[in-house]
>>> print(open('start-v2.txt').read())   # compact mmCIF, C-alpha atoms and all ligand atoms
# COMPACT_ATOMS: atom_id res chain seq x y z
CA MET E 1 0.00 0.00 0.00
CA GLU E 2 1.37 3.44 -1.00
CA PRO E 3 1.98 5.67 2.04
CA LEU E 4 -0.16 8.80 2.39
CA ILE E 5 2.65 10.67 4.07
CA LYS E 6 6.41 10.23 3.88
CA VAL E 7 8.99 12.41 5.62
CA GLN E 8 12.71 11.74 5.23
CA CYS E 9 15.50 13.32 7.27
CA LEU E 10 13.83 16.69 7.74
CA LYS E 11 15.85 19.73 8.75
CA HIS E 12 14.14 23.00 9.58
CA ILE E 13 15.67 26.32 10.55
CA TYR E 14 13.39 28.89 12.21
CA PRO E 15 14.01 32.62 11.55
CA ASP E 16 15.82 32.97 14.90
CA LYS E 17 18.22 30.20 13.70
CA THR E 18 16.76 27.47 15.94
CA GLU E 19 17.53 24.25 14.10
CA VAL E 20 15.18 21.26 14.26
CA LYS E 21 16.31 17.95 12.80
CA LEU E 22 14.33 14.76 12.38
CA CYS E 23 16.62 12.17 10.87
CA GLY E 24 16.96 8.50 11.75
CA LEU E 25 13.92 6.50 10.69
CA ASP E 26 11.58 7.73 7.95
CA PHE E 27 8.19 8.96 9.12
CA VAL E 28 5.68 7.01 7.06
CA VAL E 29 1.89 6.95 7.40
CA LYS E 30 -0.29 4.45 5.55
CA PRO E 31 -3.98 4.98 4.69
CA GLY E 32 -6.24 4.22 7.65
CA GLU E 33 -3.36 4.06 10.12
CA ARG E 34 -3.55 5.64 13.59
CA VAL E 35 -0.15 7.16 14.25
CA VAL E 36 0.87 8.71 17.58
CA VAL E 37 4.03 10.81 17.87
CA LEU E 38 5.74 10.93 21.26
CA GLY E 39 8.78 12.82 22.47
CA PRO E 40 9.97 15.29 25.08
CA ASN E 41 9.23 19.02 24.91
CA GLY E 42 10.99 20.65 21.99
CA ALA E 43 11.65 17.36 20.14
CA GLY E 44 10.08 18.70 16.94
CA LYS E 45 6.60 17.13 16.96
CA THR E 46 4.73 20.35 16.15
CA THR E 47 7.43 21.28 13.63
CA LEU E 48 6.81 18.01 11.79
CA LEU E 49 3.04 18.62 11.73
CA SER E 50 3.59 22.16 10.40
CA HIS E 51 5.65 20.70 7.53
CA ILE E 52 2.96 18.13 6.72
CA LEU E 53 0.46 21.03 6.66
CA GLY E 54 2.64 23.01 4.27
CA LEU E 55 3.09 25.83 6.79
CA LEU E 56 6.88 25.49 6.78
CA SER E 57 9.53 24.60 4.21
CA ALA E 58 12.42 22.27 4.94
CA VAL E 59 16.03 23.29 4.29
CA GLU E 60 16.95 19.62 3.94
CA GLY E 61 15.05 16.38 3.53
CA THR E 62 11.73 15.60 1.90
CA VAL E 63 8.09 15.88 2.94
CA GLU E 64 5.45 14.22 0.78
CA VAL E 65 1.71 14.10 1.33
CA MET E 66 -0.22 12.02 -1.23
CA GLY E 67 2.76 12.40 -3.53
CA PHE E 68 2.88 16.22 -3.31
CA ARG E 69 5.19 18.64 -1.51
CA PRO E 70 2.79 20.36 0.90
CA ASP E 71 4.77 23.63 1.04
CA LYS E 72 4.57 23.96 -2.77
CA HIS E 73 1.25 22.32 -3.64
CA PHE E 74 -0.96 22.50 -0.57
CA ASN E 75 -3.96 23.33 -2.76
CA ARG E 76 -3.73 19.84 -4.29
CA ILE E 77 -4.06 18.14 -0.89
CA ARG E 78 -5.90 20.72 1.23
CA LYS E 79 -9.30 18.99 0.93
CA ASN E 80 -7.80 15.75 2.22
CA ILE E 81 -6.39 17.14 5.46
CA GLY E 82 -8.15 18.33 8.61
CA VAL E 83 -6.27 19.75 11.56
CA VAL E 84 -6.93 20.52 15.21
CA PHE E 85 -4.18 22.77 16.56
CA GLN E 86 -2.95 22.65 20.13
CA ASN E 87 -4.44 26.05 20.87
CA VAL E 88 -7.97 25.72 19.53
CA ASP E 89 -8.82 29.34 20.45
CA GLU E 90 -6.74 30.40 17.48
CA GLN E 91 -8.70 28.28 15.04
CA ILE E 92 -12.29 28.85 16.17
CA ILE E 93 -13.36 31.98 14.32
CA GLY E 94 -17.14 31.86 13.79
CA PRO E 95 -19.45 34.09 15.89
CA ARG E 96 -21.56 31.01 16.70
CA VAL E 97 -20.50 27.36 16.77
CA TYR E 98 -22.70 26.66 13.73
CA ASP E 99 -20.94 29.38 11.67
CA ASP E 100 -17.56 28.17 12.75
CA ILE E 101 -18.23 24.61 11.58
CA ALA E 102 -19.91 25.95 8.41
CA PHE E 103 -16.86 28.09 7.51
CA THR E 104 -15.12 25.64 5.14
CA PRO E 105 -18.19 24.31 3.28
CA ARG E 106 -19.41 27.92 2.79
CA ASN E 107 -15.94 28.87 1.59
CA GLU E 108 -16.05 25.99 -0.88
CA GLY E 109 -19.22 27.54 -2.33
CA LEU E 110 -21.65 24.80 -1.27
CA SER E 111 -25.35 25.67 -1.25
CA LYS E 112 -27.05 26.65 2.04
CA ASP E 113 -28.78 23.24 2.12
CA GLU E 114 -25.56 21.30 1.54
CA VAL E 115 -23.76 23.34 4.19
CA HIS E 116 -26.56 22.66 6.66
CA LYS E 117 -26.49 18.92 5.95
CA LYS E 118 -22.72 18.77 6.47
CA VAL E 119 -22.81 20.78 9.70
CA MET E 120 -25.63 18.68 11.14
CA LEU E 121 -23.96 15.41 10.16
CA VAL E 122 -20.65 16.25 11.82
CA ALA E 123 -22.43 17.76 14.86
CA ARG E 124 -24.41 14.53 15.27
CA THR E 125 -21.30 12.39 14.83
CA LEU E 126 -19.45 14.36 17.53
CA LYS E 127 -22.56 14.74 19.70
CA ILE E 128 -22.40 18.54 19.83
CA GLU E 129 -25.79 19.45 18.31
CA HIS E 130 -26.72 21.20 21.60
CA LEU E 131 -23.76 23.58 21.17
CA LEU E 132 -24.54 24.84 17.67
CA ASP E 133 -26.15 28.14 18.78
CA LYS E 134 -23.52 28.92 21.40
CA ILE E 135 -20.86 31.62 21.26
CA PRO E 136 -17.53 29.71 20.98
CA HIS E 137 -15.71 32.03 23.40
CA TYR E 138 -17.87 30.82 26.32
CA LEU E 139 -17.46 27.09 25.73
CA SER E 140 -15.45 24.87 28.08
CA GLY E 141 -12.02 23.65 26.99
CA GLY E 142 -13.36 20.18 26.13
CA GLN E 143 -16.30 21.63 24.17
CA LYS E 144 -13.92 23.91 22.23
CA LYS E 145 -11.77 20.92 21.25
CA LYS E 146 -14.87 19.12 19.92
CA VAL E 147 -15.98 22.22 17.98
CA ALA E 148 -12.50 22.58 16.44
CA LEU E 149 -12.61 18.88 15.56
CA ALA E 150 -16.04 19.35 13.95
CA GLY E 151 -14.63 22.22 11.86
CA ALA E 152 -11.71 20.02 10.82
CA MET E 153 -13.94 17.07 9.93
CA VAL E 154 -16.91 18.81 8.30
CA MET E 155 -15.67 18.02 4.76
CA MET E 156 -14.67 14.49 5.87
CA PRO E 157 -10.96 14.68 4.93
CA LYS E 158 -8.91 11.49 4.59
CA ILE E 159 -6.27 12.64 7.08
CA LEU E 160 -6.83 14.17 10.51
CA ILE E 161 -3.92 15.82 12.32
CA MET E 162 -4.27 16.62 16.01
CA ASP E 163 -1.64 18.41 18.08
CA GLU E 164 -2.14 17.56 21.78
CA PRO E 165 -5.89 16.90 21.56
CA PHE E 166 -6.13 15.78 25.22
CA ASP E 167 -4.40 18.81 26.66
CA SER E 168 -6.38 20.18 29.64
CA LEU E 169 -9.25 17.69 29.22
CA ASP E 170 -10.67 16.01 32.34
CA PRO E 171 -10.71 12.18 32.41
CA LYS E 172 -14.31 11.92 31.15
CA ALA E 173 -13.69 14.37 28.29
CA LYS E 174 -10.46 12.53 27.42
CA GLY E 175 -12.32 9.22 27.23
CA GLU E 176 -14.98 10.81 25.00
CA MET E 177 -12.31 12.30 22.73
CA VAL E 178 -10.53 8.94 22.39
CA ALA E 179 -13.85 7.25 21.51
CA ILE E 180 -14.70 9.95 18.93
CA ILE E 181 -11.27 9.79 17.29
CA ASN E 182 -11.31 5.99 17.15
CA ASP E 183 -14.81 6.06 15.69
CA LEU E 184 -13.72 8.47 12.93
CA ASN E 185 -10.97 6.00 12.10
CA LYS E 186 -13.09 2.84 12.26
CA ALA E 187 -16.36 4.03 10.76
CA HIS E 188 -14.98 6.56 8.25
CA GLY E 189 -11.46 5.26 7.58
CA VAL E 190 -9.84 8.54 8.65
CA THR E 191 -6.04 8.35 8.92
CA LEU E 192 -4.84 9.87 12.20
CA ILE E 193 -1.65 11.63 13.22
CA ILE E 194 -1.71 12.66 16.85
CA THR E 195 0.86 14.15 19.21
CA THR E 196 0.37 13.76 22.94
CA HIS E 197 2.15 13.69 26.28
CA ASP E 198 -0.69 11.61 27.69
CA ILE E 199 1.06 8.27 27.50
CA ASN E 200 -1.56 6.18 29.31
CA ILE E 201 -4.04 6.90 26.52
CA VAL E 202 -1.68 5.80 23.74
CA PRO E 203 -2.30 2.01 23.73
CA SER E 204 -6.01 2.58 23.09
CA LEU E 205 -5.29 5.05 20.32
CA ALA E 206 -2.27 3.98 18.28
CA ASP E 207 -1.56 1.40 15.61
CA THR E 208 1.93 2.84 15.28
CA ILE E 209 3.98 4.98 17.63
CA TYR E 210 6.96 7.13 16.60
CA ILE E 211 9.38 8.43 19.20
CA PHE E 212 11.31 11.64 18.50
CA ASN E 213 14.33 12.59 20.56
CA GLU E 214 17.40 14.77 20.12
CA GLY E 215 17.01 15.41 16.41
CA SER E 216 16.14 11.84 15.55
CA ILE E 217 13.20 9.54 15.00
CA VAL E 218 14.59 6.94 17.37
CA THR E 219 12.06 4.13 17.12
CA LYS E 220 8.69 3.14 15.70
CA GLY E 221 6.37 0.21 16.20
CA THR E 222 3.14 -1.00 17.74
CA PRO E 223 2.43 0.08 21.33
CA SER E 224 3.56 -3.29 22.66
CA GLU E 225 6.79 -3.17 20.62
CA VAL E 226 7.62 0.41 21.60
CA PHE E 227 6.65 0.24 25.25
CA GLN E 228 9.06 -2.65 25.83
CA GLN E 229 12.02 -0.46 24.76
CA THR E 230 12.54 0.97 28.21
CA GLU E 231 16.03 2.40 27.55
CA ILE E 232 14.88 4.41 24.52
CA LEU E 233 11.86 5.63 26.46
CA LYS E 234 13.97 6.70 29.42
CA LYS E 235 16.39 8.61 27.18
CA ALA E 236 13.43 10.46 25.66
CA ASN E 237 12.08 11.34 29.13
CA LEU E 238 9.10 9.07 28.59
CA GLU E 239 7.64 6.47 30.89
CA PRO E 240 5.67 3.54 29.49
CA PRO E 241 1.97 3.39 30.42
CA ILE E 242 1.67 1.83 33.85
CA LEU E 243 -0.25 -1.20 32.51
CA SER E 244 2.39 -1.80 29.81
CA GLU E 245 5.14 -1.70 32.42
CA LEU E 246 3.29 -4.09 34.73
CA PHE E 247 2.57 -6.57 31.94
CA ASP E 248 6.14 -6.33 30.66
CA ARG E 249 7.41 -7.22 34.15
CA LEU E 250 5.00 -10.16 34.34
CA ARG E 251 6.14 -11.36 30.88
CA LYS E 252 9.74 -11.25 32.05
CA ARG E 253 8.71 -13.51 34.96
CA GLY E 254 7.46 -16.01 32.40
CA TYR E 255 3.73 -15.27 32.18
CA ASP E 256 2.29 -15.83 28.71
CA ILE E 257 0.57 -12.45 28.26
CA GLU E 258 0.62 -9.58 25.77
CA ILE E 259 1.07 -5.88 26.51
CA PRO E 260 -2.59 -4.80 26.81
CA ASN E 261 -4.15 -2.06 24.71
CA SER E 262 -6.91 -1.23 27.20
CA LEU E 263 -7.94 -1.77 30.81
CA GLU E 264 -10.53 -4.30 29.63
CA ASP E 265 -7.88 -6.21 27.68
CA ALA E 266 -5.63 -6.25 30.77
CA GLU E 267 -8.51 -7.45 32.95
CA GLU E 268 -9.34 -10.31 30.56
CA GLN E 269 -5.73 -11.44 30.40
CA LEU E 270 -5.28 -11.28 34.18
CA LEU E 271 -8.50 -13.23 34.76
CA THR E 272 -7.19 -15.95 32.44
CA ILE E 273 -3.95 -16.38 34.35
CA LEU E 274 -5.67 -16.12 37.74
CA ASN E 275 -7.47 -19.42 37.14
CA PRO E 276 -10.82 -18.55 35.58
CA LYS E 277 -12.65 -21.46 37.28
CA GLU E 278 -12.02 -20.12 40.77
CA ILE E 279 -12.93 -16.62 39.67
CA SER E 280 -16.25 -17.69 38.17
CA ASN E 281 -17.06 -19.88 41.23
CA GLU E 282 -16.21 -16.97 43.50
CA GLY E 283 -18.37 -14.74 41.29
CA ALA E 284 -21.24 -17.23 41.52
CA LYS E 285 -21.03 -17.33 45.35
CA ASN E 286 -21.32 -13.52 45.61
N1 LIG X 301 8.40 29.78 15.61
C1 LIG X 301 9.51 29.32 16.18
N2 LIG X 301 10.63 30.10 16.20
C2 LIG X 301 11.77 29.66 16.75
N3 LIG X 301 11.92 28.43 17.30
C3 LIG X 301 10.83 27.63 17.31
C4 LIG X 301 9.59 28.03 16.75
N4 LIG X 301 8.70 27.01 16.91
C5 LIG X 301 9.37 26.03 17.53
N5 LIG X 301 10.65 26.40 17.77
C6 LIG X 301 11.69 25.58 18.41
O1 LIG X 301 11.83 24.38 17.69
C7 LIG X 301 12.06 23.28 18.56
C8 LIG X 301 11.00 22.23 18.34
O2 LIG X 301 9.75 22.75 18.75
P1 LIG X 301 8.39 21.96 18.56
O3 LIG X 301 7.29 22.91 18.97
O4 LIG X 301 8.32 21.38 17.21
O5 LIG X 301 8.56 20.80 19.64
P2 LIG X 301 7.48 19.79 20.24
O6 LIG X 301 8.07 18.44 20.18
O7 LIG X 301 6.17 19.98 19.58
O8 LIG X 301 7.42 20.29 21.75
P3 LIG X 301 6.24 20.26 22.85
O9 LIG X 301 6.09 18.84 23.30
O10 LIG X 301 6.79 21.13 23.93
O11 LIG X 301 4.98 20.83 22.21
C9 LIG X 301 12.09 23.87 19.97
O12 LIG X 301 13.42 24.11 20.32
C10 LIG X 301 11.34 25.19 19.82
O13 LIG X 301 11.79 26.15 20.75
>>> encode(input="start-v2.txt", output="structure tokens")
Amino acid sequence: MEPLIKVQCLKHIYPDKTEVKLCGLDFVVKPGERVVVLGPNGAGKTTLLSHILGLLSAVEGTVEVMGFRPDKHFNRIRKNIGVVFQNVDEQIIGPRVYDDIAFTPRNEGLSKDEVHKKVMLVARTLKIEHLLDKIPHYLSGGQKKKVALAGAMVMMPKILIMDEPFDSLDPKAKGEMVAIINDLNKAHGVTLIITTHDINIVPSLADTIYIFNEGSIVTKGTPSEVFQQTEILKKANLEPPILSELFDRLRKRGYDIEIPNSLEDAEEQLLTILNPKEISNEGAKN
């Protein structure tokens, strides 16, 4: 399968001469993949996303999105990419939530009816119909993230880029956001590229993880592959999710279990090794 995105040995120099390098492994995203980018502060995660969005030009290396250089030909790929920036206040511009979500379809010259259909569909999908008449400025942080996501998804792009989507969300809102993002991927085939510092969420969200550190893409793999590489994680100031660490320790003691991708998965696996008969008898007694 042809990759949707391919970035090779990127070097960027900001106007103040700050140099950001991302060499090492290539950054490759396949259609329908859920990719999570991890790394310490200043590793270059947002810089990479800005290159994919054509907002910056590299001094060295290559960036390709659907076969095009985004900095030169963003118009050719623009309809295929939605983005939710870290600071959503900067991207929500409509006087009411409805207008904000309607911005792109109106801009594309769709009829009033078509715009309405698109806004209502995405609002229903993200369960924010009750917010459509609200003034964006007064929304909570979690509501703003959902509105920005609705604006990004209203034209149903193939690729969704999210920079720190869980930032400042409470646990319930985080769970809702994870479910929404996963549903966009499963039900609509949306390819995801997400940066986060919220490592405990990653196993439920990623097919592939990339780790950036000190100018390099230092490793990539599935959550269970990456979260076993404790030395690489430590060097990048990252700690594996607590469940991954626990299961890794149990594996090293000889238990036949896999690094879990959710609490439910962990529970199932633990129940299996804790002698299911006794558990179900115990359950029956209570
Ligand atoms: N506009 C800019 N001008 C100058 N330097 C910048 C600019 N934007 C980013 N940088 C620098 O580039 C480096 C990479 O920053 P970037 O925001 O890509 O890192 P990050 O991995 O997203 O970090 P974080 O996890 O803190 O969001 C940092 O040293 C940062 O200070």
>>> residues_around(input="start-v2.txt", residues="Val115 (chain E)", least_positions_apart="4", cutoff="12 Å", atoms="all atoms listed in the file", output="list in words")
Tyr98, Asp99, Asp100, Ile101, Ala102, Phe103, Thr104, Pro105, Arg106, Asn107, Glu108, Gly109, Leu110, Ser111, Val119, Met120, Leu121, Val122, Gly151, Val154 and Met155 of chain E
>>> closest_atom_pairs(input="start-v2.txt", of="region 86-194 of chain E", to="region 33-36 of chain E", cutoff="9 Å", atoms="only C-alpha atoms", output="CSV")
residue,atom,partner,partner_atom,distance
E:Asn182,CA,E:Arg34,CA,8.5
E:Asn185,CA,E:Arg34,CA,7.6
E:Gly189,CA,E:Glu33,CA,8.6
E:Val190,CA,E:Glu33,CA,8.0
E:Thr191,CA,E:Glu33,CA,5.2
E:Leu192,CA,E:Arg34,CA,4.6
E:Ile193,CA,E:Val35,CA,4.8
E:Ile194,CA,E:Val36,CA,4.8
>>> closest_atom_pairs(input="start-v2.txt", of="chain E", to="ligand LIG 301 (chain X)", cutoff="9 Å", atoms="all atoms listed in the file", output="tab-separated table")
residue	atom	partner	partner_atom	distance
E:His12	CA	X:LIG301	O1	8.5
E:Ile13	CA	X:LIG301	N3	8.0
E:Tyr14	CA	X:LIG301	C2	4.9
E:Pro15	CA	X:LIG301	N2	6.3
E:Asp16	CA	X:LIG301	C2	5.5
E:Lys17	CA	X:LIG301	C2	7.2
E:Thr18	CA	X:LIG301	N3	5.1
E:Glu19	CA	X:LIG301	O1	6.7
E:Val20	CA	X:LIG301	C7	5.7
E:Lys21	CA	X:LIG301	C8	8.8
E:Val37	CA	X:LIG301	O6	8.9
E:Leu38	CA	X:LIG301	O6	7.9
E:Gly39	CA	X:LIG301	O6	6.1
E:Pro40	CA	X:LIG301	O9	5.6
E:Asn41	CA	X:LIG301	O10	3.4
E:Gly42	CA	X:LIG301	O5	3.4
E:Ala43	CA	X:LIG301	O6	3.7
E:Gly44	CA	X:LIG301	O4	3.2
E:Lys45	CA	X:LIG301	O6	3.8
E:Thr46	CA	X:LIG301	O7	3.7
E:Thr47	CA	X:LIG301	O4	3.7
E:Leu48	CA	X:LIG301	O4	6.6
E:Leu49	CA	X:LIG301	O4	8.1
E:Ser50	CA	X:LIG301	O4	8.3
E:Gln86	CA	X:LIG301	O11	8.4
E:Asp163	CA	X:LIG301	O7	8.1
E:Glu164	CA	X:LIG301	O11	7.8
E:Thr195	CA	X:LIG301	O7	7.9
E:Thr196	CA	X:LIG301	O9	7.7
E:His197	CA	X:LIG301	O9	7.1
E:Phe212	CA	X:LIG301	O6	7.7
E:Asn213	CA	X:LIG301	O6	8.6
>>> atom_distance(input="start-v2.txt", atom1="CA of Val28 (chain E)", atom2="CA of Leu160 (chain E)")
14.8 Å
>>> atom_distance(input="start-v2.txt", atom1="CA of Lys220 (chain E)", atom2="CA of Val29 (chain E)")
11.4 Å
>>> atom_distance(input="start-v2.txt", atom1="CA of Lys72 (chain E)", atom2="CA of Val7 (chain E)")
14.9 Å
>>> closest_residue(input="start-v2.txt", among="E:Glu90, E:Asn80, E:Lys30, E:Lys11", to="Val63 (chain E)", atoms="only C-alpha atoms")
E:Lys11
>>> closest_atom_pairs(input="start-v2.txt", of="region 96-215 of chain E", to="region 229-252 of chain E", cutoff="9 Å", atoms="only C-alpha atoms", output="JSON lines")
{"residue": "E:His197", "atom": "CA", "partner": "E:Leu238", "partner_atom": "CA", "distance": 8.7}
{"residue": "E:Ile199", "atom": "CA", "partner": "E:Pro241", "partner_atom": "CA", "distance": 5.8}
{"residue": "E:Asn200", "atom": "CA", "partner": "E:Pro241", "partner_atom": "CA", "distance": 4.6}
{"residue": "E:Ile201", "atom": "CA", "partner": "E:Pro241", "partner_atom": "CA", "distance": 8.0}
{"residue": "E:Val202", "atom": "CA", "partner": "E:Pro241", "partner_atom": "CA", "distance": 8.0}
{"residue": "E:Pro203", "atom": "CA", "partner": "E:Pro241", "partner_atom": "CA", "distance": 8.1}
{"residue": "E:Ile211", "atom": "CA", "partner": "E:Ala236", "partner_atom": "CA", "distance": 7.9}
{"residue": "E:Phe212", "atom": "CA", "partner": "E:Ala236", "partner_atom": "CA", "distance": 7.6}
{"residue": "E:Asn213", "atom": "CA", "partner": "E:Ala236", "partner_atom": "CA", "distance": 5.6}
{"residue": "E:Glu214", "atom": "CA", "partner": "E:Ala236", "partner_atom": "CA", "distance": 8.1}
>>> residues_around(input="start-v2.txt", residues="Gly67 (chain E)", least_positions_apart="2", cutoff="12 Å", atoms="all atoms listed in the file", output="short mmCIF file (atom, residue, chain, number, x, y, z; two decimals) with C-alpha atoms, in the frame of the given file")
data_model
loop_
_atom_site.label_atom_id
_atom_site.label_comp_id
_atom_site.auth_asym_id
_atom_site.auth_seq_id
_atom_site.Cartn_x
_atom_site.Cartn_y
_atom_site.Cartn_z
CA GLU E 2 1.37 3.44 -1.00
CA PRO E 3 1.98 5.67 2.04
CA LEU E 4 -0.16 8.80 2.39
CA ILE E 5 2.65 10.67 4.07
CA LYS E 6 6.41 10.23 3.88
CA VAL E 7 8.99 12.41 5.62
CA ILE E 52 2.96 18.13 6.72
CA THR E 62 11.73 15.60 1.90
CA VAL E 63 8.09 15.88 2.94
CA GLU E 64 5.45 14.22 0.78
CA VAL E 65 1.71 14.10 1.33
CA ARG E 69 5.19 18.64 -1.51
CA PRO E 70 2.79 20.36 0.90
CA LYS E 72 4.57 23.96 -2.77
CA HIS E 73 1.25 22.32 -3.64
CA PHE E 74 -0.96 22.50 -0.57
CA ARG E 76 -3.73 19.84 -4.29
CA ILE E 77 -4.06 18.14 -0.89
#
